[in-house]
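Novice: My structure is stored as input_20.csv, with CSV, C-alpha atoms.
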```
chain,number,residue,atom,x,y,z
A,1,MET,CA,58.0,179.6,65.6
A,2,PRO,CA,58.8,182.3,63.0
A,3,SER,CA,62.5,182.6,62.3
A,4,THR,CA,62.6,186.4,61.5
A,5,ILE,CA,60.6,189.4,62.6
A,6,ALA,CA,59.2,189.7,59.0
A,7,GLU,CA,57.2,186.5,59.7
A,8,LEU,CA,55.6,187.8,62.9
A,9,GLU,CA,52.0,189.0,63.0
A,10,THR,CA,51.8,192.6,64.0
A,11,PRO,CA,51.5,194.4,66.3
A,12,VAL,CA,53.6,192.5,68.7
A,13,PRO,CA,56.1,193.5,71.5
A,14,ILE,CA,59.6,192.3,70.8
A,15,VAL,CA,62.5,192.4,73.2
A,16,ASP,CA,66.1,192.7,72.1
A,17,LEU,CA,67.7,190.0,74.3
A,18,ASP,CA,71.2,191.6,74.3
A,19,ARG,CA,69.8,195.0,75.4
A,20,LEU,CA,67.7,193.2,78.1
A,21,ALA,CA,70.8,191.4,79.4
A,22,GLY,CA,72.7,194.6,79.5
A,23,ASN,CA,70.0,196.4,81.5
A,24,LEU,CA,69.9,193.5,84.0
A,25,ASP,CA,73.7,193.4,84.3
A,26,ARG,CA,74.0,197.2,84.9
A,27,ALA,CA,71.4,197.2,87.7
A,28,ALA,CA,72.9,194.2,89.4
A,29,ASP,CA,76.4,195.6,89.2
A,30,TYR,CA,75.2,199.0,90.6
A,31,ALA,CA,73.5,197.3,93.5
A,32,LYS,CA,76.6,195.2,94.3
A,33,SER,CA,79.1,198.1,94.0
A,34,HIS,CA,77.0,200.2,96.5
A,35,GLY,CA,76.0,197.5,98.9
A,36,LEU,CA,72.3,197.8,98.1
A,37,ALA,CA,69.8,195.0,97.9
A,38,LEU,CA,68.0,195.1,94.5
A,39,ARG,CA,64.4,194.1,94.9
A,40,PRO,CA,63.0,194.8,91.4
A,41,HIS,CA,59.4,195.5,90.8
A,42,ILE,CA,58.0,192.9,88.4
A,43,LYS,CA,55.1,195.2,87.2
A,44,THR,CA,57.0,195.9,84.1
A,45,HIS,CA,57.7,192.4,82.8
A,46,LYS,CA,55.2,190.3,84.7
A,47,SER,CA,57.1,187.2,83.8
A,48,PRO,CA,58.8,184.4,85.8
A,49,ARG,CA,61.3,184.1,83.0
A,50,VAL,CA,62.7,187.6,83.5
A,51,ALA,CA,62.4,187.4,87.2
A,52,HIS,CA,64.5,184.3,87.1
A,53,GLU,CA,67.2,186.3,85.3
A,54,GLN,CA,67.0,189.1,87.9
A,55,MET,CA,67.4,186.5,90.8
A,56,ARG,CA,70.2,184.8,89.0
A,57,ARG,CA,72.1,188.1,88.9
A,58,GLY,CA,71.7,188.5,92.7
A,59,ALA,CA,68.4,190.2,93.3
A,60,ALA,CA,67.4,189.9,97.0
A,61,GLY,CA,63.8,189.3,96.1
A,62,VAL,CA,61.1,190.8,94.0
A,63,THR,CA,58.4,193.5,94.5
A,64,CYS,CA,54.8,193.0,93.4
A,65,ALA,CA,51.7,195.1,93.4
A,66,THR,CA,48.9,192.6,92.9
A,67,PRO,CA,48.0,189.2,94.5
A,68,MET,CA,48.3,187.7,91.0
A,69,GLU,CA,51.8,189.0,90.6
A,70,ALA,CA,52.8,187.6,94.0
A,71,GLU,CA,51.2,184.2,93.3
A,72,VAL,CA,53.0,183.9,90.0
A,73,MET,CA,56.4,185.1,91.4
A,74,SER,CA,56.2,182.6,94.3
A,75,GLU,CA,57.0,179.9,91.8
A,76,VAL,CA,60.5,181.4,91.1
A,77,CYS,CA,61.2,183.6,94.2
A,78,ARG,CA,61.2,182.9,97.9
A,79,ASP,CA,61.2,186.5,99.1
A,80,ILE,CA,58.3,188.7,98.0
A,81,LEU,CA,57.4,192.3,98.9
A,82,VAL,CA,53.9,193.4,98.0
A,83,ALA,CA,54.2,197.2,97.8
A,84,TYR,CA,50.5,197.9,97.9
A,85,PRO,CA,48.2,198.3,100.9
A,86,PRO,CA,46.6,194.9,101.7
A,87,VAL,CA,43.2,196.4,102.4
A,88,GLY,CA,40.1,194.2,102.2
A,89,SER,CA,39.8,190.6,103.3
A,90,PRO,CA,39.7,189.1,99.8
A,91,ARG,CA,43.1,190.7,98.9
A,92,ALA,CA,44.6,190.0,102.4
A,93,SER,CA,43.4,186.4,102.4
A,94,ARG,CA,44.8,185.8,99.0
A,95,LEU,CA,48.2,187.1,100.0
A,96,ALA,CA,48.2,185.1,103.2
A,97,ALA,CA,47.6,182.0,101.1
A,98,ILE,CA,51.0,182.4,99.4
A,99,PRO,CA,53.0,179.3,100.3
A,100,PRO,CA,54.5,179.6,103.8
A,101,ASP,CA,58.0,178.8,102.6
A,102,VAL,CA,57.9,182.2,100.8
A,103,ARG,CA,59.0,185.1,102.9
A,104,LEU,CA,56.1,187.6,102.5
A,105,THR,CA,56.3,191.3,103.3
A,106,VAL,CA,53.7,193.9,102.7
A,107,ALA,CA,53.8,197.7,102.7
A,108,LEU,CA,51.0,199.6,104.4
A,109,ASP,CA,49.9,202.9,105.7
A,110,SER,CA,46.8,202.4,107.8
A,111,ARG,CA,45.5,200.5,110.9
A,112,ARG,CA,42.7,199.0,108.7
A,113,ALA,CA,45.4,197.4,106.5
A,114,ILE,CA,47.2,196.1,109.7
A,115,ASP,CA,43.9,194.6,110.9
A,116,ASP,CA,43.1,193.0,107.5
A,117,ILE,CA,46.4,191.3,106.9
A,118,ALA,CA,46.8,190.3,110.6
A,119,ALA,CA,43.4,188.6,110.5
A,120,ALA,CA,44.2,186.8,107.2
A,121,ALA,CA,47.7,185.7,108.4
A,122,ALA,CA,46.3,184.4,111.7
A,123,ALA,CA,43.6,182.4,109.8
A,124,ALA,CA,46.2,180.9,107.5
A,125,ALA,CA,47.8,177.6,108.4
A,126,ALA,CA,50.3,177.8,111.4
A,127,ASP,CA,49.8,181.6,111.8
A,128,ARG,CA,51.6,182.5,108.7
A,129,PRO,CA,54.3,185.2,109.4
A,130,VAL,CA,54.0,188.4,107.4
A,131,GLY,CA,56.6,191.1,107.5
A,132,VAL,CA,55.5,194.7,107.3
A,133,TYR,CA,57.0,197.9,106.0
A,134,VAL,CA,55.4,201.1,107.2
A,135,GLU,CA,55.0,203.3,104.1
A,136,ALA,CA,55.8,207.0,104.5
A,137,ASP,CA,54.8,209.8,102.1
A,138,LEU,CA,58.0,211.7,101.3
A,139,GLY,CA,56.7,213.7,98.4
A,140,MET,CA,54.7,211.5,96.0
A,141,HIS,CA,51.3,212.2,97.8
A,142,ARG,CA,49.7,208.9,96.7
A,143,VAL,CA,50.0,206.4,99.6
A,144,GLY,CA,52.1,206.6,102.7
A,145,VAL,CA,51.5,208.4,106.0
A,146,PRO,CA,52.6,212.1,105.9
A,147,SER,CA,53.2,212.3,109.6
A,148,ILE,CA,56.3,210.9,111.3
A,149,ASP,CA,54.4,210.3,114.5
A,150,GLU,CA,51.7,208.4,112.7
A,151,ALA,CA,54.4,206.2,111.0
A,152,VAL,CA,55.9,205.4,114.4
A,153,ALA,CA,52.4,204.6,115.8
A,154,LEU,CA,51.7,202.3,112.9
A,155,ALA,CA,55.0,200.4,113.6
A,156,ARG,CA,54.0,199.9,117.2
A,157,ALA,CA,50.5,198.7,116.1
A,158,VAL,CA,52.3,196.1,113.8
A,159,GLN,CA,54.3,194.9,116.8
A,160,ALA,CA,51.1,194.4,118.7
A,161,ALA,CA,49.5,192.3,115.9
A,162,PRO,CA,51.1,188.9,115.6
A,163,PRO,CA,51.8,187.1,113.4
A,164,LEU,CA,52.9,190.4,111.8
A,165,THR,CA,56.4,191.6,112.4
A,166,PHE,CA,57.8,195.2,111.8
A,167,GLU,CA,60.6,194.9,109.3
A,168,GLY,CA,61.2,198.5,108.2
A,169,ILE,CA,60.0,201.5,106.3
A,170,ALA,CA,59.2,202.1,102.6
A,171,PHE,CA,58.8,205.1,100.4
A,172,TYR,CA,58.4,205.8,96.7
A,173,PRO,CA,60.1,208.8,95.1
A,174,GLY,CA,57.7,208.8,92.1
A,175,HIS,CA,57.3,212.6,92.3
A,176,ILE,CA,60.9,213.0,91.0
A,177,ARG,CA,60.4,212.7,87.3
A,178,GLU,CA,62.6,215.5,86.0
A,179,ALA,CA,65.6,214.9,83.8
A,180,VAL,CA,68.3,213.2,85.7
A,181,ASP,CA,70.6,216.2,85.6
A,182,GLN,CA,67.8,218.3,87.1
A,183,GLN,CA,66.9,216.1,90.1
A,184,ALA,CA,69.4,217.4,92.6
A,185,ARG,CA,67.1,219.8,94.6
A,186,LYS,CA,64.3,217.3,95.0
A,187,LEU,CA,66.8,214.5,95.9
A,188,GLU,CA,68.2,216.8,98.6
A,189,GLU,CA,64.7,217.4,100.0
A,190,LEU,CA,64.0,213.7,99.9
A,191,ASN,CA,67.2,212.9,101.7
A,192,ALA,CA,66.4,215.4,104.5
A,193,ALA,CA,62.9,214.0,105.0
A,194,LEU,CA,64.2,210.5,105.0
A,195,GLY,CA,66.9,211.3,107.5
A,196,GLN,CA,64.2,212.8,109.9
A,197,LEU,CA,62.1,209.7,109.5
A,198,ILE,CA,64.9,207.3,110.3
A,199,ASP,CA,66.0,209.4,113.3
A,200,ALA,CA,62.5,209.4,114.7
A,201,PHE,CA,62.3,205.6,114.4
A,202,ASP,CA,65.6,205.3,116.1
A,203,ARG,CA,64.6,207.5,119.0
A,204,ALA,CA,61.4,205.4,119.4
A,205,GLY,CA,63.6,202.3,119.7
A,206,LEU,CA,62.2,201.0,116.4
A,207,HIS,CA,65.3,201.1,114.2
A,208,PRO,CA,64.1,199.9,110.7
A,209,ARG,CA,66.0,196.9,109.6
A,210,VAL,CA,65.1,197.7,106.0
A,211,VAL,CA,64.7,201.1,104.4
A,212,SER,CA,63.1,200.4,101.0
A,213,GLY,CA,62.8,203.0,98.2
A,214,GLY,CA,63.8,203.9,94.8
A,215,SER,CA,62.4,204.0,91.2
A,216,THR,CA,63.9,203.8,87.7
A,217,PRO,CA,64.1,207.6,87.2
A,218,THR,CA,66.2,207.9,90.4
A,219,MET,CA,67.8,204.5,90.5
A,220,TRP,CA,71.4,205.6,89.8
A,221,GLN,CA,71.3,208.1,92.7
A,222,THR,CA,69.9,205.6,95.2
A,223,HIS,CA,73.3,205.2,97.0
A,224,GLN,CA,73.1,209.0,97.8
A,225,LEU,CA,70.0,208.5,99.9
A,226,ARG,CA,70.7,208.2,103.6
A,227,GLY,CA,69.9,204.8,105.2
A,228,VAL,CA,68.4,203.2,102.1
A,229,THR,CA,69.1,199.4,102.1
A,230,GLU,CA,67.1,198.2,99.2
A,231,PHE,CA,65.7,199.7,96.0
A,232,ARG,CA,62.8,198.7,93.8
A,233,PRO,CA,63.1,199.8,90.1
A,234,GLY,CA,60.8,198.2,87.6
A,235,THR,CA,61.0,199.9,84.2
A,236,TYR,CA,64.8,199.5,83.9
A,237,VAL,CA,64.5,196.0,82.5
A,238,TYR,CA,63.0,197.2,79.2
A,239,ASN,CA,63.1,201.0,79.5
A,240,ASP,CA,60.9,203.2,77.4
A,241,ARG,CA,60.6,206.6,75.7
A,242,THR,CA,60.0,208.4,79.0
A,243,THR,CA,63.0,206.9,80.7
A,244,ALA,CA,65.3,207.7,77.8
A,245,ALA,CA,63.9,211.2,77.4
A,246,ILE,CA,64.9,212.1,81.0
A,247,GLY,CA,68.3,210.6,80.7
A,248,ALA,CA,67.8,207.6,83.1
A,249,CYS,CA,68.9,205.4,80.3
A,250,GLY,CA,70.2,205.7,76.7
A,251,TRP,CA,68.0,205.2,73.7
A,252,ASP,CA,70.0,202.1,72.9
A,253,ASP,CA,68.9,200.7,76.3
A,254,CYS,CA,65.3,200.5,75.2
A,255,ALA,CA,65.0,196.8,74.9
A,256,LEU,CA,61.3,196.5,74.2
A,257,THR,CA,59.7,197.9,71.1
A,258,VAL,CA,56.3,197.3,69.5
A,259,LEU,CA,56.8,195.9,66.1
A,260,ALA,CA,54.2,197.4,63.8
A,261,ARG,CA,53.4,197.4,60.1
A,262,VAL,CA,52.6,200.3,57.9
A,263,VAL,CA,49.1,199.8,56.5
A,264,SER,CA,48.4,203.1,54.8
A,265,THR,CA,50.2,206.1,53.4
A,266,ALA,CA,47.2,207.5,51.6
A,267,VAL,CA,47.2,210.8,53.5
A,268,PRO,CA,50.2,213.0,52.7
A,269,GLY,CA,52.6,213.7,55.5
A,270,GLN,CA,51.6,210.7,57.6
A,271,ALA,CA,51.7,206.9,57.7
A,272,VAL,CA,49.3,204.7,59.5
A,273,VAL,CA,50.5,201.6,61.4
A,274,ASP,CA,48.6,198.7,62.9
A,275,ALA,CA,49.5,199.7,66.5
A,276,GLY,CA,46.9,201.9,68.1
A,277,SER,CA,45.9,202.4,71.7
A,278,LYS,CA,45.3,198.7,72.3
A,279,ALA,CA,49.0,198.0,71.4
A,280,LEU,CA,50.7,201.2,72.8
A,281,GLY,CA,48.5,202.4,75.6
A,282,ARG,CA,47.5,206.0,75.8
A,283,GLU,CA,49.8,207.5,78.4
A,284,PRO,CA,51.1,210.9,77.5
A,285,MET,CA,54.8,211.8,77.9
A,286,ARG,CA,55.9,213.2,81.2
A,287,ALA,CA,59.1,214.8,79.8
A,288,ASP,CA,58.9,218.5,79.1
A,289,GLY,CA,58.4,219.4,75.4
A,290,ALA,CA,57.5,215.9,74.3
A,291,ASP,CA,54.2,214.8,72.8
A,292,GLY,CA,52.8,211.8,71.0
A,293,PHE,CA,52.5,208.2,72.2
A,294,GLY,CA,55.7,206.7,71.0
A,295,VAL,CA,58.7,207.2,68.7
A,296,VAL,CA,60.0,205.2,65.8
A,297,ARG,CA,63.3,203.6,66.5
A,298,GLY,CA,65.9,204.8,64.0
A,299,HIS,CA,63.7,207.9,63.2
A,300,PRO,CA,63.7,210.0,66.4
A,301,ASP,CA,61.8,212.8,64.6
A,302,VAL,CA,58.9,210.5,63.8
A,303,VAL,CA,56.3,210.2,66.7
A,304,VAL,CA,53.0,208.5,67.0
A,305,LYS,CA,51.0,211.7,67.0
A,306,SER,CA,47.5,210.2,67.5
A,307,MET,CA,45.8,206.9,67.8
A,308,SER,CA,42.5,205.1,67.6
A,309,GLU,CA,42.1,201.6,68.9
A,310,GLU,CA,43.9,199.8,66.1
A,311,HIS,CA,45.4,202.7,64.2
A,312,GLY,CA,48.6,204.7,65.0
A,313,ILE,CA,49.3,207.8,63.0
A,314,LEU,CA,53.0,208.5,62.4
A,315,ASP,CA,53.8,212.2,61.9
A,316,LEU,CA,56.2,212.5,59.0
A,317,SER,CA,56.2,216.3,58.7
A,318,SER,CA,59.7,216.7,60.3
A,319,SER,CA,61.3,213.8,58.5
A,320,SER,CA,62.4,213.0,54.9
A,321,TRP,CA,61.7,209.3,55.6
A,322,ARG,CA,58.7,207.9,53.7
A,323,PRO,CA,57.9,204.3,54.6
A,324,ALA,CA,56.1,202.1,52.2
A,325,VAL,CA,52.9,200.2,52.8
A,326,GLY,CA,53.9,196.9,54.3
A,327,GLU,CA,57.1,198.2,55.9
A,328,LEU,CA,57.9,197.1,59.4
A,329,VAL,CA,58.7,199.7,62.1
A,330,ARG,CA,59.7,199.4,65.8
A,331,ILE,CA,58.0,201.8,68.1
A,332,ILE,CA,59.5,202.8,71.5
A,333,PRO,CA,56.4,203.3,73.7
A,334,ASN,CA,56.0,206.1,76.2
A,335,HIS,CA,55.3,203.7,79.0
A,336,VAL,CA,56.4,200.1,78.6
A,337,CYS,CA,54.6,198.7,81.7
A,338,ILE,CA,51.2,199.4,80.1
A,339,VAL,CA,52.3,197.9,76.8
A,340,VAL,CA,53.4,194.6,78.4
A,341,HIS,CA,50.1,194.3,80.3
A,342,LEU,CA,48.2,194.6,77.0
A,343,ASN,CA,49.9,191.6,75.6
A,344,ASP,CA,49.9,187.8,76.2
A,345,ILE,CA,53.3,187.0,74.6
A,346,ILE,CA,56.7,188.7,74.4
A,347,VAL,CA,59.0,187.8,71.5
A,348,GLY,CA,62.7,187.7,72.2
A,349,VAL,CA,64.9,188.7,69.2
A,350,ARG,CA,68.6,189.3,68.3
A,351,GLY,CA,68.7,191.7,65.4
A,352,ASP,CA,65.9,190.6,63.0
A,353,ALA,CA,66.1,186.9,64.1
A,354,VAL,CA,63.4,185.6,66.4
A,355,GLU,CA,65.0,183.4,69.1
A,356,THR,CA,62.4,182.8,71.7
A,357,SER,CA,59.1,183.9,73.3
A,358,TRP,CA,57.5,183.9,76.7
A,359,PRO,CA,54.0,184.5,78.1
A,360,VAL,CA,53.1,187.5,80.3
A,361,VAL,CA,52.0,185.2,83.0
A,362,ALA,CA,51.1,187.8,85.7
A,363,ARG,CA,48.9,190.0,83.6
A,364,GLY,CA,45.3,190.4,84.8
A,365,ARG,CA,43.9,189.6,88.2
A,366,GLY,CA,43.7,185.8,88.1
A,367,TYR,CA,40.6,185.2,90.1
A,368,SER,CA,37.2,183.6,89.4
A,369,ILE,CA,34.1,185.5,90.5
A,370,SER,CA,32.3,182.2,91.0
A,371,ALA,CA,34.9,180.7,93.3
A,372,PRO,CA,33.9,180.5,96.9
A,373,SER,CA,37.3,181.9,97.9
A,374,PRO,CA,40.4,183.3,96.2
A,375,THR,CA,42.5,180.6,94.6
A,376,ARG,CA,46.1,180.5,93.9
A,377,HIS,CA,47.6,180.8,90.4
A,378,ASP,CA,47.4,177.5,88.5
A,379,PRO,CA,50.7,177.2,86.5
A,380,SER,CA,49.2,174.5,84.3
A,381,ARG,CA,47.2,177.2,82.6
A,382,PHE,CA,50.3,178.6,81.1
A,383,GLY,CA,51.9,175.6,79.3
A,384,ARG,CA,55.6,175.9,79.0
A,385,GLU,CA,56.2,178.9,81.3
A,386,THR,CA,57.8,176.7,84.1
A,387,ALA,CA,60.3,175.3,81.6
A,388,ALA,CA,60.9,178.7,80.0
A,389,ALA,CA,61.6,180.3,83.4
A,390,ALA,CA,64.6,178.1,83.8
A,391,GLN,CA,66.1,179.2,80.5
A,392,PRO,CA,68.3,182.3,80.3
A,393,ALA,CA,66.6,185.3,78.7
A,394,GLY,CA,69.8,186.9,77.6
```
What does this structure look like when you write it as structure tokens?
Specialist:
Amino acid sequence: MPSTIAELETPVPIVDLDRLAGNLDRAADYAKSHGLALRPHIKTHKSPRVAHEQMRRGAAGVTCATPMEAEVMSEVCRDILVAYPPVGSPRASRLAAIPPDVRLTVALDSRRAIDDIAAAAAAAAADRPVGVYVEADLGMHRVGVPSIDEAVALARAVQAAPPLTFEGIAFYPGHIREAVDQQARKLEELNAALGQLIDAFDRAGLHPRVVSGGSTPTMWQTHQLRGVTEFRPGTYVYNDRTTAAIGACGWDDCALTVLARVVSTAVPGQAVVDAGSKALGREPMRADGADGFGVVRGHPDVVVKSMSEEHGILDLSSSSWRPAVGELVRIIPNHVCIVVHLNDIIVGVRGDAVETSWPVVARGRGYSISAPSPTRHDPSRFGRETAAAAQPAG
């Protein structure tokens, strides 16, 4: 293994282990101080090693979006929420095949999803129990039923479909993306809608044992939301340019950067690095007044103004800094989740020293088109991940 970042082949995602540990500690301390269950979404890191660190700090379980993520996380966590509708027998059957000693919960918003996961669970060995959160749309307008009456009706349908059990309600406040100090109005509206939803379930004799919500942009206000018992932030482990720009974290809390190398300065006023869209993704900034696809750490006035697949163009027009060909830069990406999914390996560093690395085990879909039926994740494909998961990341 290289001993310093100068020896790494670029582009490569590197994680500052001290910043990662600080992010994990802050979230765990916040959850404990407010009596909330932290169920982090693993879509950001997709790694058993980081999930192990979250569990070690007291996380109640993890949240996943894909069957692959759930399969991988079942190796290090016994309580998994799949916050994605289990529609379609291939997806539902694959989830039902998660080992029965893992507590499995799914979030859904349709009778079709109820039918699919109930059939898959009943077909599994010993009528595999599956918990269900009924998902409500409280402003995001992506998934979730918009009608309170429909949400209550779905909960009753779950009760009538063993081996499913109604466990609670879920929502995602992803529509709240403003700067943290400008979120008050939307949080008040969310709180009112959430209160009405919980009251309706109580009147129906269906008190939700769990009220699951939350995101990284709103995570530090979660305790202000009526009835919420658990929250599901994901980006907070690494953070990114968007999270810092809205004030949900500090710039020094951005643990993951893409290490890139300047490969050309031939055109005046710009520098070209070897990190293009295949290293940084192509998601635009959501924060007002921000553009580009990343910012150079230590040079906040230098953004990645444009990209092709393997080239990133740094705009130097607002900076006196002029990097040399061959110089290393660390780029804070707009959206860290996409960057992680584009890579096989994450490198852990302290300062300029390379200390460790771990594979992004849960990337991809993890199925074979030729297989007669969905198969579970095979940990032998990933070498040392099992051993690495037991080692502290920070």
Novice: Determine the nearest neighbour of Ile332 (chain A) from the options A:Ala27, A:Ala200, A:Ala113, A:Ala255, counting only C-alpha atoms.
Specialist: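 Among A:Ala27, A:Ala200, A:Ala113, A:Ala255, it is A:Ala255 that comes nearest to Ile332 (chain A).
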Novice: Would you kindly identify which residues have an atom no farther than 8 Å from (54.2, 196.4, 68.7), using all atoms listed in the file and the file's own coordinates, and write them out as a list of chain:residue names?
Specialist: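 With a cut-off of 8 Å, the residues come to A:Thr10, A:Pro11, A:Val12, A:Pro13, A:Ile14, A:Thr257, A:Val258, A:Leu259, A:Ala260, A:Ala275, A:Ala279, A:Leu280, A:Arg330, A:Ile331.
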Novice: How would the residues just chosen look if you wrote them out with C-alpha atoms as a compact mmCIF listing (two decimals), in the coordinates of the input?
Specialist:
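Final file, result-v3.txt:
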```txt
# COMPACT_ATOMS: atom_id res chain seq x y z
CA THR A 10 51.80 192.60 64.00
CA PRO A 11 51.50 194.40 66.30
CA VAL A 12 53.60 192.50 68.70
CA PRO A 13 56.10 193.50 71.50
CA ILE A 14 59.60 192.30 70.80
CA THR A 257 59.70 197.90 71.10
CA VAL A 258 56.30 197.30 69.50
CA LEU A 259 56.80 195.90 66.10
CA ALA A 260 54.20 197.40 63.80
CA ALA A 275 49.50 199.70 66.50
CA ALA A 279 49.00 198.00 71.40
CA LEU A 280 50.70 201.20 72.80
CA ARG A 330 59.70 199.40 65.80
CA ILE A 331 58.00 201.80 68.10
```
Novice: Could you give me, as a PyMOL selection string, the residues within 8 Å of Thr44 (chain A), counting all atoms listed in the file and dropping anything in the same chain fewer than 2 positions from it?
Specialist: chain A and resi 41-42+46+234-235+237-238+336-338+340
Novice: Hey, what's within 8 Å of Pro173 (chain A) if we count all atoms listed in the file and toss same-chain stuff fewer than 3 positions away? As a list of chain:residue names, please?
Specialist: A:Leu138, A:Gly139, A:Met140, A:Ile176, A:Leu190, A:Gly213, A:Gly214, A:Ser215, A:Thr218
Novice: Taking (50.6, 209.3, 97.6) as a centre in this file's frame and 12 Å as the limit, can you find every polymer residue with an atom that close, using only C-alpha atoms, and give them as a ChimeraX atom specification?
Specialist: /A:84-85,108-109,135-146,171-175
Novice: Could you take the residues named above and write them with C-alpha atoms, as a short mmCIF file (atom, residue, chain, number, x, y, z; two decimals), in the coordinates of the input?
Specialist:
```
data_model
loop_
_atom_site.label_atom_id
_atom_site.label_comp_id
_atom_site.auth_asym_id
_atom_site.auth_seq_id
_atom_site.Cartn_x
_atom_site.Cartn_y
_atom_site.Cartn_z
CA TYR A 84 50.50 197.90 97.90
CA PRO A 85 48.20 198.30 100.90
CA LEU A 108 51.00 199.60 104.40
CA ASP A 109 49.90 202.90 105.70
CA GLU A 135 55.00 203.30 104.10
CA ALA A 136 55.80 207.00 104.50
CA ASP A 137 54.80 209.80 102.10
CA LEU A 138 58.00 211.70 101.30
CA GLY A 139 56.70 213.70 98.40
CA MET A 140 54.70 211.50 96.00
CA HIS A 141 51.30 212.20 97.80
CA ARG A 142 49.70 208.90 96.70
CA VAL A 143 50.00 206.40 99.60
CA GLY A 144 52.10 206.60 102.70
CA VAL A 145 51.50 208.40 106.00
CA PRO A 146 52.60 212.10 105.90
CA PHE A 171 58.80 205.10 100.40
CA TYR A 172 58.40 205.80 96.70
CA PRO A 173 60.10 208.80 95.10
CA GLY A 174 57.70 208.80 92.10
CA HIS A 175 57.30 212.60 92.30
#
```
Novice: Between CA of Ser212 (chain A) and CA of Ala121 (chain A), what is the distance in Å, rounded to a tenth?
Specialist: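 Value for the CA of Ser212 (chain A)-CA of Ala121 (chain A) distance: 22.5 Å.
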Novice: With only C-alpha atoms as the counted atoms, please give the residues lying no more than 7 Å from Met285 (chain A), apart from itself and same-chain residues fewer than 3 positions off, as a short mmCIF file (atom, residue, chain, number, x, y, z; two decimals) with C-alpha atoms, in the frame of the given file.
Specialist:
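What follows is the written file out_29.cif:
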```cif
data_model
loop_
_atom_site.label_atom_id
_atom_site.label_comp_id
_atom_site.auth_asym_id
_atom_site.auth_seq_id
_atom_site.Cartn_x
_atom_site.Cartn_y
_atom_site.Cartn_z
CA THR A 242 60.00 208.40 79.00
CA ALA A 290 57.50 215.90 74.30
CA ASP A 291 54.20 214.80 72.80
CA ASN A 334 56.00 206.10 76.20
#
```
Novice: Closest to Val263 (chain A) among A:Gly348, A:Gly276, A:Pro284, A:Pro2, using only C-alpha atoms?
Specialist: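 Comparing A:Gly348, A:Gly276, A:Pro284, A:Pro2 against Val263 (chain A), the winner is A:Gly276.
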Novice: Can you tell me which residues surround Ala179 (chain A) at a distance of at most 12 Å, considering all atoms listed in the file, apart from same-chain residues fewer than 5 positions away, and format the answer as a ChimeraX atom specification?
Specialist: /A:184-186,216-218,242-249,286-289
Novice: Between A:Pro268, A:Ser89, A:Asp252, A:Leu104, which one has atoms that come closest to Asn239 (chain A), using only C-alpha atoms?
Specialist: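 Using only C-alpha atoms, Asn239 (chain A) sits closest to A:Asp252.
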